[in-house]
$ cat structure_28.tsv   # TSV, C-alpha atoms and all ligand atoms
chain	number	residue	atom	x	y	z
A	1	MET	CA	-18.82	1.42	-18.05
A	2	LEU	CA	-19.62	-1.37	-15.55
A	3	SER	CA	-19.34	0.89	-12.47
A	4	LEU	CA	-15.83	2.04	-13.43
A	5	LEU	CA	-15.30	5.72	-12.70
A	6	GLU	CA	-11.88	6.15	-14.33
A	7	PRO	CA	-11.34	4.91	-17.92
A	8	THR	CA	-8.02	3.29	-18.81
A	9	ASP	CA	-5.71	5.43	-20.93
A	10	PRO	CA	-5.89	3.69	-24.35
A	11	SER	CA	-2.09	4.07	-24.69
A	12	TRP	CA	-1.91	1.16	-22.23
A	13	VAL	CA	-2.50	-1.09	-25.29
A	14	GLN	CA	0.85	0.02	-26.75
A	15	ALA	CA	2.63	-0.88	-23.50
A	16	ALA	CA	0.85	-4.24	-23.51
A	17	GLU	CA	1.59	-4.90	-27.18
A	18	ALA	CA	5.28	-4.11	-26.70
A	19	ASP	CA	5.55	-7.23	-24.53
A	20	LEU	CA	2.77	-9.61	-25.54
A	21	ASP	CA	4.47	-12.59	-23.88
A	22	GLY	CA	4.61	-10.62	-20.62
A	23	LEU	CA	0.96	-9.61	-20.96
A	24	LEU	CA	-0.14	-13.20	-21.62
A	25	ARG	CA	1.94	-14.51	-18.70
A	26	ASP	CA	0.35	-12.02	-16.36
A	27	HIS	CA	-3.06	-12.70	-17.84
A	28	ALA	CA	-2.69	-16.47	-17.34
A	29	HIS	CA	-2.04	-15.85	-13.65
A	30	CYS	CA	-5.02	-13.49	-13.42
A	31	GLU	CA	-7.31	-16.27	-14.66
A	32	LEU	CA	-5.80	-18.71	-12.19
A	33	LYS	CA	-6.19	-16.23	-9.33
A	34	ALA	CA	-9.82	-15.61	-10.34
A	35	ALA	CA	-10.49	-19.35	-10.05
A	36	GLN	CA	-8.63	-19.54	-6.73
A	37	SER	CA	-10.41	-16.55	-5.28
A	38	ALA	CA	-13.84	-17.99	-6.22
A	39	LEU	CA	-12.91	-21.25	-4.48
A	40	GLY	CA	-11.58	-19.28	-1.48
A	41	LEU	CA	-14.91	-17.44	-1.21
A	42	LEU	CA	-16.75	-20.76	-1.28
A	43	GLY	CA	-14.56	-22.21	1.44
A	44	ARG	CA	-15.02	-19.25	3.71
A	45	PHE	CA	-18.64	-18.23	3.06
A	46	GLY	CA	-20.37	-21.26	1.47
A	47	GLY	CA	-21.83	-22.23	4.85
A	48	GLU	CA	-23.49	-18.92	5.67
A	49	ALA	CA	-24.33	-18.08	2.05
A	50	PRO	CA	-25.11	-21.38	0.27
A	51	GLU	CA	-26.56	-19.51	-2.73
A	52	ILE	CA	-23.03	-18.61	-3.84
A	53	ILE	CA	-21.91	-22.24	-4.14
A	54	GLU	CA	-23.33	-23.24	-7.51
A	55	PRO	CA	-22.51	-20.04	-9.44
A	56	LEU	CA	-19.01	-19.78	-8.00
A	57	VAL	CA	-18.17	-23.43	-8.69
A	58	ALA	CA	-19.21	-22.78	-12.31
A	59	LEU	CA	-17.18	-19.57	-12.36
A	60	ALA	CA	-14.05	-21.28	-10.98
A	61	ARG	CA	-14.39	-23.92	-13.69
A	62	GLU	CA	-14.72	-21.26	-16.38
A	63	GLU	CA	-11.73	-19.27	-15.08
A	64	ALA	CA	-9.65	-22.46	-15.11
A	65	GLN	CA	-10.68	-22.95	-18.76
A	66	HIS	CA	-9.63	-19.35	-19.48
A	67	PHE	CA	-6.27	-20.15	-17.91
A	68	GLU	CA	-5.95	-23.10	-20.28
A	69	GLN	CA	-6.81	-20.91	-23.27
A	70	VAL	CA	-4.31	-18.21	-22.33
A	71	HIS	CA	-1.68	-20.83	-21.65
A	72	ALA	CA	-2.31	-22.30	-25.11
A	73	GLU	CA	-1.69	-18.84	-26.61
A	74	LEU	CA	1.59	-18.62	-24.73
A	75	ALA	CA	2.62	-22.09	-25.87
A	76	GLN	CA	1.78	-21.23	-29.47
A	77	ARG	CA	4.13	-18.25	-29.20
A	78	GLY	CA	6.87	-20.51	-27.82
A	79	ALA	CA	6.68	-18.72	-24.46
A	80	GLU	CA	6.45	-20.33	-21.05
A	81	LEU	CA	4.53	-19.56	-17.93
A	82	THR	CA	6.68	-18.00	-15.21
A	83	SER	CA	6.07	-17.60	-11.47
A	84	PRO	CA	3.34	-15.11	-10.66
A	85	ALA	CA	4.39	-11.54	-9.95
A	86	SER	CA	2.58	-9.56	-7.26
A	87	ASP	CA	-0.45	-7.65	-8.50
A	88	PRO	CA	-0.37	-4.13	-6.99
A	89	TYR	CA	-3.81	-3.38	-8.43
A	90	VAL	CA	-5.57	-6.25	-6.69
A	91	GLN	CA	-3.58	-5.79	-3.49
A	92	GLY	CA	-4.26	-2.04	-3.47
A	93	LEU	CA	-7.96	-2.55	-4.13
A	94	ARG	CA	-8.34	-5.15	-1.36
A	95	ARG	CA	-6.52	-2.88	1.07
A	96	ALA	CA	-8.59	0.14	0.06
A	97	ALA	CA	-11.82	-1.82	0.45
A	98	ARG	CA	-11.03	-2.72	4.04
A	99	GLU	CA	-9.97	0.78	5.13
A	100	ASP	CA	-13.34	1.16	6.84
A	101	HIS	CA	-14.13	-2.51	7.26
A	102	ARG	CA	-16.70	-1.90	9.99
A	103	GLU	CA	-18.92	-0.20	7.42
A	104	ALA	CA	-19.68	-3.36	5.46
A	105	PRO	CA	-19.81	-7.14	5.95
A	106	VAL	CA	-16.68	-8.97	4.76
A	107	LEU	CA	-18.65	-11.07	2.26
A	108	LEU	CA	-20.17	-7.96	0.70
A	109	ASP	CA	-16.76	-6.34	0.20
A	110	ARG	CA	-15.29	-9.57	-1.15
A	111	LEU	CA	-18.10	-9.88	-3.73
A	112	LEU	CA	-17.85	-6.23	-4.76
A	113	VAL	CA	-14.05	-6.29	-5.05
A	114	CYS	CA	-14.42	-9.34	-7.35
A	115	ALA	CA	-17.08	-7.45	-9.35
A	116	LEU	CA	-14.76	-4.46	-9.81
A	117	ILE	CA	-11.77	-6.63	-10.80
A	118	GLU	CA	-13.97	-8.34	-13.41
A	119	ALA	CA	-15.18	-4.94	-14.62
A	120	ARG	CA	-11.64	-3.58	-15.00
A	121	SER	CA	-10.51	-6.75	-16.80
A	122	CYS	CA	-13.51	-6.44	-19.11
A	123	GLU	CA	-12.63	-2.81	-19.89
A	124	ARG	CA	-9.00	-3.72	-20.60
A	125	PHE	CA	-9.94	-6.70	-22.78
A	126	LYS	CA	-12.28	-4.44	-24.75
A	127	LEU	CA	-9.37	-2.11	-25.50
A	128	LEU	CA	-7.25	-5.07	-26.60
A	129	SER	CA	-10.10	-6.41	-28.75
A	130	GLU	CA	-10.31	-3.06	-30.55
A	131	ARG	CA	-6.68	-2.05	-30.84
A	132	LEU	CA	-4.25	-4.98	-30.99
A	133	GLY	CA	-2.51	-5.51	-34.34
A	134	SER	CA	-3.23	-9.25	-34.48
A	135	GLU	CA	-6.74	-10.09	-35.65
A	136	ARG	CA	-6.57	-13.46	-33.92
A	137	LEU	CA	-5.73	-11.86	-30.57
A	138	ARG	CA	-8.40	-9.21	-31.08
A	139	ASP	CA	-10.96	-12.01	-31.50
A	140	PHE	CA	-9.52	-13.87	-28.52
A	141	TYR	CA	-9.93	-10.85	-26.25
A	142	ARG	CA	-13.40	-10.06	-27.60
A	143	GLY	CA	-14.57	-13.46	-26.39
A	144	LEU	CA	-12.96	-13.04	-22.97
A	145	MET	CA	-14.34	-9.50	-22.66
A	146	ALA	CA	-17.89	-10.91	-22.89
A	147	SER	CA	-17.11	-13.45	-20.13
A	148	GLU	CA	-15.73	-10.79	-17.80
A	149	ALA	CA	-18.81	-8.61	-18.34
A	150	ARG	CA	-20.95	-11.59	-17.35
A	151	HIS	CA	-18.79	-12.25	-14.28
A	152	TYR	CA	-19.14	-8.62	-13.21
A	153	GLY	CA	-22.91	-9.07	-13.39
A	154	LEU	CA	-22.72	-12.31	-11.44
A	155	PHE	CA	-20.76	-10.85	-8.49
A	156	ARG	CA	-22.82	-7.70	-8.44
A	157	GLY	CA	-26.02	-9.74	-8.58
A	158	LEU	CA	-24.93	-11.99	-5.70
A	159	ALA	CA	-24.07	-8.92	-3.61
A	160	GLU	CA	-27.37	-7.19	-4.34
A	161	ALA	CA	-29.48	-10.31	-3.78
A	162	ARG	CA	-28.02	-10.74	-0.31
A	163	PHE	CA	-27.37	-7.17	0.83
A	164	GLY	CA	-29.89	-5.08	-1.17
A	165	ALA	CA	-29.52	-1.30	-0.96
A	166	LEU	CA	-26.33	-1.59	1.12
A	167	ALA	CA	-24.68	-3.39	-1.82
A	168	ARG	CA	-25.56	-0.60	-4.25
A	169	GLU	CA	-24.34	2.06	-1.86
A	170	ARG	CA	-21.11	0.21	-1.07
A	171	LEU	CA	-20.42	-0.42	-4.77
A	172	GLY	CA	-20.34	3.35	-5.30
A	173	VAL	CA	-17.85	3.77	-2.42
A	174	LEU	CA	-15.57	0.96	-3.60
A	175	ALA	CA	-15.77	2.04	-7.26
A	176	ALA	CA	-14.32	5.42	-6.25
A	177	ARG	CA	-11.45	3.69	-4.44
A	178	GLU	CA	-10.90	1.35	-7.39
A	179	ALA	CA	-10.61	4.37	-9.70
A	180	ALA	CA	-7.99	5.92	-7.40
A	181	VAL	CA	-5.96	2.69	-7.25
A	182	ALA	CA	-6.12	2.20	-11.05
A	183	ALA	CA	-5.17	5.81	-11.76
A	184	HIS	CA	-1.96	5.55	-9.72
A	185	LEU	CA	-0.51	2.50	-11.46
A	186	PRO	CA	2.03	2.93	-14.26
A	187	LEU	CA	0.91	1.67	-17.68
A	188	GLY	CA	2.69	-1.62	-18.33
A	189	PRO	CA	2.34	-5.02	-20.01
A	190	THR	CA	0.09	-6.51	-17.35
A	191	VAL	CA	-3.70	-6.88	-17.31
A	192	HIS	CA	-4.11	-4.37	-14.50
A	193	GLY	CA	-0.84	-2.44	-14.80
B	1	FE	FE	-11.63	-15.14	-16.92
B	2	FE	FE	-13.69	-13.49	-14.84

$ encode --input "structure_28.tsv" --output "structure tokens"
Amino acid sequence: MLSLLEPTDPSWVQAAEADLDGLLRDHAHCELKAAQSALGLLGRFGGEAPEIIEPLVALAREEAQHFEQVHAELAQRGAELTSPASDPYVQGLRRAAREDHREAPVLLDRLLVCALIEARSCERFKLLSERLGSERLRDFYRGLMASEARHYGLFRGLAEARFGALARERLGVLAAREAAVAAHLPLGPTVHG
């Protein structure tokens, strides 16, 4: 699904459900980081690639709204946001993507890494939307799953519009590395853990 080569073990949902406050805290930070990373891309590449400005401003706005929604879920549960923990999945993926950084332009890798993170989040949210005990949370994650699928398409589309065949080829390379990173992480109550 969505370029992912290694499906998530569905038993991850049990680990997530065992600490829903922890999952939602991590998830809130993921949304915030998605907004920040879109704005970071704009700051660094908006000059050379002005076509990314409008869609990524819209995306950053949407991710900030997702943060608000997840934070509202936390508040409803009487739980608070805590400081962000490090995200070994995202760090590992970024590192893996730049192993052979001379093979691809930085902007291309940045767009494709974002596409893969969105794809993995979408896959995880789909599992939550099918398997969580709470109907309300299942509906909540079904809505977010659709957004992440759209964001995957957006990043992939931006990469392909600018880099053509190289983007398709590089996506295959990075998808294999993403699968290796995801497969080595323990299953825990985090979006990517
Ligand atoms: Fe989001
Ligand atoms: Fe997203």

$ atom_distance --input "structure_28.tsv" --atom1 "atom CA of His151 of chain A" --atom2 "atom CA of Gln76 of chain A"
27.1 Å

$ atom_distance --input "structure_28.tsv" --atom1 "atom CA of Asp87 of chain A" --atom2 "atom CA of His192 of chain A"
7.8 Å

$ closest_residue --input "structure_28.tsv" --among "A:Glu178, A:Asp109, A:Glu148, A:Glu123" --to "Leu166 of chain A" --atoms "all atoms listed in the file"
A:Asp109

$ atom_distance --input "structure_28.tsv" --atom1 "atom CA of Ile117 of chain A" --atom2 "atom CA of Tyr89 of chain A"
8.9 Å

$ residues_near_ligand --input "structure_28.tsv" --ligand "ligand FE 1 (chain B)" --cutoff "9 Å" --atoms "only C-alpha atoms and all ligand atoms" --output "list in words"
His27, Cys30, Glu31, Leu32, Ala34, Ala35, Leu59, Ala60, Glu62, Glu63, Ala64, Gln65, His66, Phe67, Glu118, Ser121, Leu144, Met145, Ser147, Glu148 and His151 of chain A

$ closest_residue --input "structure_28.tsv" --among "A:Leu39, A:Ala79, A:Leu93, A:Asp100" --to "Asp19 of chain A" --atoms "all atoms listed in the file"
A:Ala79

$ closest_residue --input "structure_28.tsv" --among "A:Leu132, A:Ala119, A:Leu41, A:Leu174" --to "ligand FE 2 (chain B)" --atoms "only C-alpha atoms and all ligand atoms"
A:Ala119

$ closest_residue --input "structure_28.tsv" --among "A:Lys126, A:Arg25, A:Arg138, A:Arg110" --to "Glu80 of chain A" --atoms "only C-alpha atoms"
A:Arg25

$ closest_residue --input "structure_28.tsv" --among "A:Val181, A:Leu24, A:Phe45, A:Leu5" --to "Pro105 of chain A" --atoms "only C-alpha atoms"
A:Phe45

$ closest_residue --input "structure_28.tsv" --among "A:Ala28, A:Ala85, A:Arg162, A:Leu56" --to "Gly40 of chain A" --atoms "only C-alpha atoms"
A:Leu56

$ build_atoms --input "structure_28.tsv" --residues "segment 24-57 of chain A" --atoms "N, CA and C atoms" --output "JSON list (two decimals), in the coordinates of the input"
[["chain", "number", "residue", "atom", "x", "y", "z"],
["A", 24, "LEU", "N", 0.55, -11.90, -21.68],
["A", 24, "LEU", "CA", -0.14, -13.20, -21.62],
["A", 24, "LEU", "C", 0.26, -13.98, -20.36],
["A", 25, "ARG", "N", 1.52, -13.84, -19.95],
["A", 25, "ARG", "CA", 1.94, -14.51, -18.70],
["A", 25, "ARG", "C", 1.16, -13.96, -17.51],
["A", 26, "ASP", "N", 1.09, -12.64, -17.45],
["A", 26, "ASP", "CA", 0.35, -12.02, -16.36],
["A", 26, "ASP", "C", -1.13, -12.40, -16.44],
["A", 27, "HIS", "N", -1.64, -12.38, -17.65],
["A", 27, "HIS", "CA", -3.06, -12.70, -17.84],
["A", 27, "HIS", "C", -3.37, -14.13, -17.40],
["A", 28, "ALA", "N", -2.47, -15.07, -17.75],
["A", 28, "ALA", "CA", -2.69, -16.47, -17.34],
["A", 28, "ALA", "C", -2.83, -16.54, -15.82],
["A", 29, "HIS", "N", -1.96, -15.83, -15.12],
["A", 29, "HIS", "CA", -2.04, -15.85, -13.65],
["A", 29, "HIS", "C", -3.30, -15.17, -13.13],
["A", 30, "CYS", "N", -3.76, -14.14, -13.83],
["A", 30, "CYS", "CA", -5.02, -13.49, -13.42],
["A", 30, "CYS", "C", -6.18, -14.48, -13.48],
["A", 31, "GLU", "N", -6.22, -15.28, -14.53],
["A", 31, "GLU", "CA", -7.31, -16.27, -14.66],
["A", 31, "GLU", "C", -7.23, -17.30, -13.54],
["A", 32, "LEU", "N", -6.00, -17.72, -13.26],
["A", 32, "LEU", "CA", -5.80, -18.71, -12.19],
["A", 32, "LEU", "C", -6.22, -18.13, -10.83],
["A", 33, "LYS", "N", -5.84, -16.87, -10.61],
["A", 33, "LYS", "CA", -6.19, -16.23, -9.33],
["A", 33, "LYS", "C", -7.70, -16.03, -9.23],
["A", 34, "ALA", "N", -8.35, -15.77, -10.37],
["A", 34, "ALA", "CA", -9.82, -15.61, -10.34],
["A", 34, "ALA", "C", -10.47, -16.93, -9.91],
["A", 35, "ALA", "N", -9.95, -18.04, -10.44],
["A", 35, "ALA", "CA", -10.49, -19.35, -10.05],
["A", 35, "ALA", "C", -10.22, -19.60, -8.57],
["A", 36, "GLN", "N", -8.99, -19.31, -8.13],
["A", 36, "GLN", "CA", -8.63, -19.54, -6.73],
["A", 36, "GLN", "C", -9.47, -18.68, -5.80],
["A", 37, "SER", "N", -9.68, -17.43, -6.19],
["A", 37, "SER", "CA", -10.41, -16.55, -5.28],
["A", 37, "SER", "C", -11.88, -16.96, -5.18],
["A", 38, "ALA", "N", -12.46, -17.48, -6.29],
["A", 38, "ALA", "CA", -13.84, -17.99, -6.22],
["A", 38, "ALA", "C", -13.90, -19.19, -5.27],
["A", 39, "LEU", "N", -12.91, -20.07, -5.36],
["A", 39, "LEU", "CA", -12.91, -21.25, -4.48],
["A", 39, "LEU", "C", -12.67, -20.82, -3.03],
["A", 40, "GLY", "N", -11.82, -19.80, -2.84],
["A", 40, "GLY", "CA", -11.58, -19.28, -1.48],
["A", 40, "GLY", "C", -12.86, -18.71, -0.87],
["A", 41, "LEU", "N", -13.62, -17.99, -1.69],
["A", 41, "LEU", "CA", -14.91, -17.44, -1.21],
["A", 41, "LEU", "C", -15.85, -18.56, -0.79],
["A", 42, "LEU", "N", -15.88, -19.62, -1.60],
["A", 42, "LEU", "CA", -16.75, -20.76, -1.28],
["A", 42, "LEU", "C", -16.36, -21.39, 0.05],
["A", 43, "GLY", "N", -15.04, -21.57, 0.22],
["A", 43, "GLY", "CA", -14.56, -22.21, 1.44],
["A", 43, "GLY", "C", -14.91, -21.39, 2.66],
["A", 44, "ARG", "N", -14.80, -20.09, 2.54],
["A", 44, "ARG", "CA", -15.02, -19.25, 3.71],
["A", 44, "ARG", "C", -16.50, -18.93, 3.95],
["A", 45, "PHE", "N", -17.27, -18.74, 2.87],
["A", 45, "PHE", "CA", -18.64, -18.23, 3.06],
["A", 45, "PHE", "C", -19.74, -19.18, 2.57],
["A", 46, "GLY", "N", -19.36, -20.34, 2.01],
["A", 46, "GLY", "CA", -20.37, -21.26, 1.47],
["A", 46, "GLY", "C", -21.37, -21.72, 2.52],
["A", 47, "GLY", "N", -20.94, -21.78, 3.78],
["A", 47, "GLY", "CA", -21.83, -22.23, 4.85],
["A", 47, "GLY", "C", -22.91, -21.21, 5.15],
["A", 48, "GLU", "N", -22.50, -19.95, 5.33],
["A", 48, "GLU", "CA", -23.49, -18.92, 5.67],
["A", 48, "GLU", "C", -24.26, -18.42, 4.45],
["A", 49, "ALA", "N", -23.68, -18.59, 3.27],
["A", 49, "ALA", "CA", -24.33, -18.08, 2.05],
["A", 49, "ALA", "C", -24.35, -19.18, 0.98],
["A", 50, "PRO", "N", -25.16, -20.24, 1.20],
["A", 50, "PRO", "CA", -25.11, -21.38, 0.27],
["A", 50, "PRO", "C", -25.49, -21.03, -1.17],
["A", 51, "GLU", "N", -26.15, -19.87, -1.35],
["A", 51, "GLU", "CA", -26.56, -19.51, -2.73],
["A", 51, "GLU", "C", -25.36, -19.16, -3.61],
["A", 52, "ILE", "N", -24.20, -18.94, -3.00],
["A", 52, "ILE", "CA", -23.03, -18.61, -3.84],
["A", 52, "ILE", "C", -22.35, -19.86, -4.38],
["A", 53, "ILE", "N", -22.69, -21.04, -3.81],
["A", 53, "ILE", "CA", -21.91, -22.24, -4.14],
["A", 53, "ILE", "C", -21.99, -22.60, -5.62],
["A", 54, "GLU", "N", -23.21, -22.78, -6.12],
["A", 54, "GLU", "CA", -23.33, -23.24, -7.51],
["A", 54, "GLU", "C", -22.73, -22.25, -8.52],
["A", 55, "PRO", "N", -23.09, -20.95, -8.43],
["A", 55, "PRO", "CA", -22.51, -20.04, -9.44],
["A", 55, "PRO", "C", -20.99, -19.90, -9.33],
["A", 56, "LEU", "N", -20.46, -19.97, -8.11],
["A", 56, "LEU", "CA", -19.01, -19.78, -8.00],
["A", 56, "LEU", "C", -18.22, -21.04, -8.36],
["A", 57, "VAL", "N", -18.83, -22.22, -8.19],
["A", 57, "VAL", "CA", -18.17, -23.43, -8.69],
["A", 57, "VAL", "C", -18.09, -23.34, -10.22]]
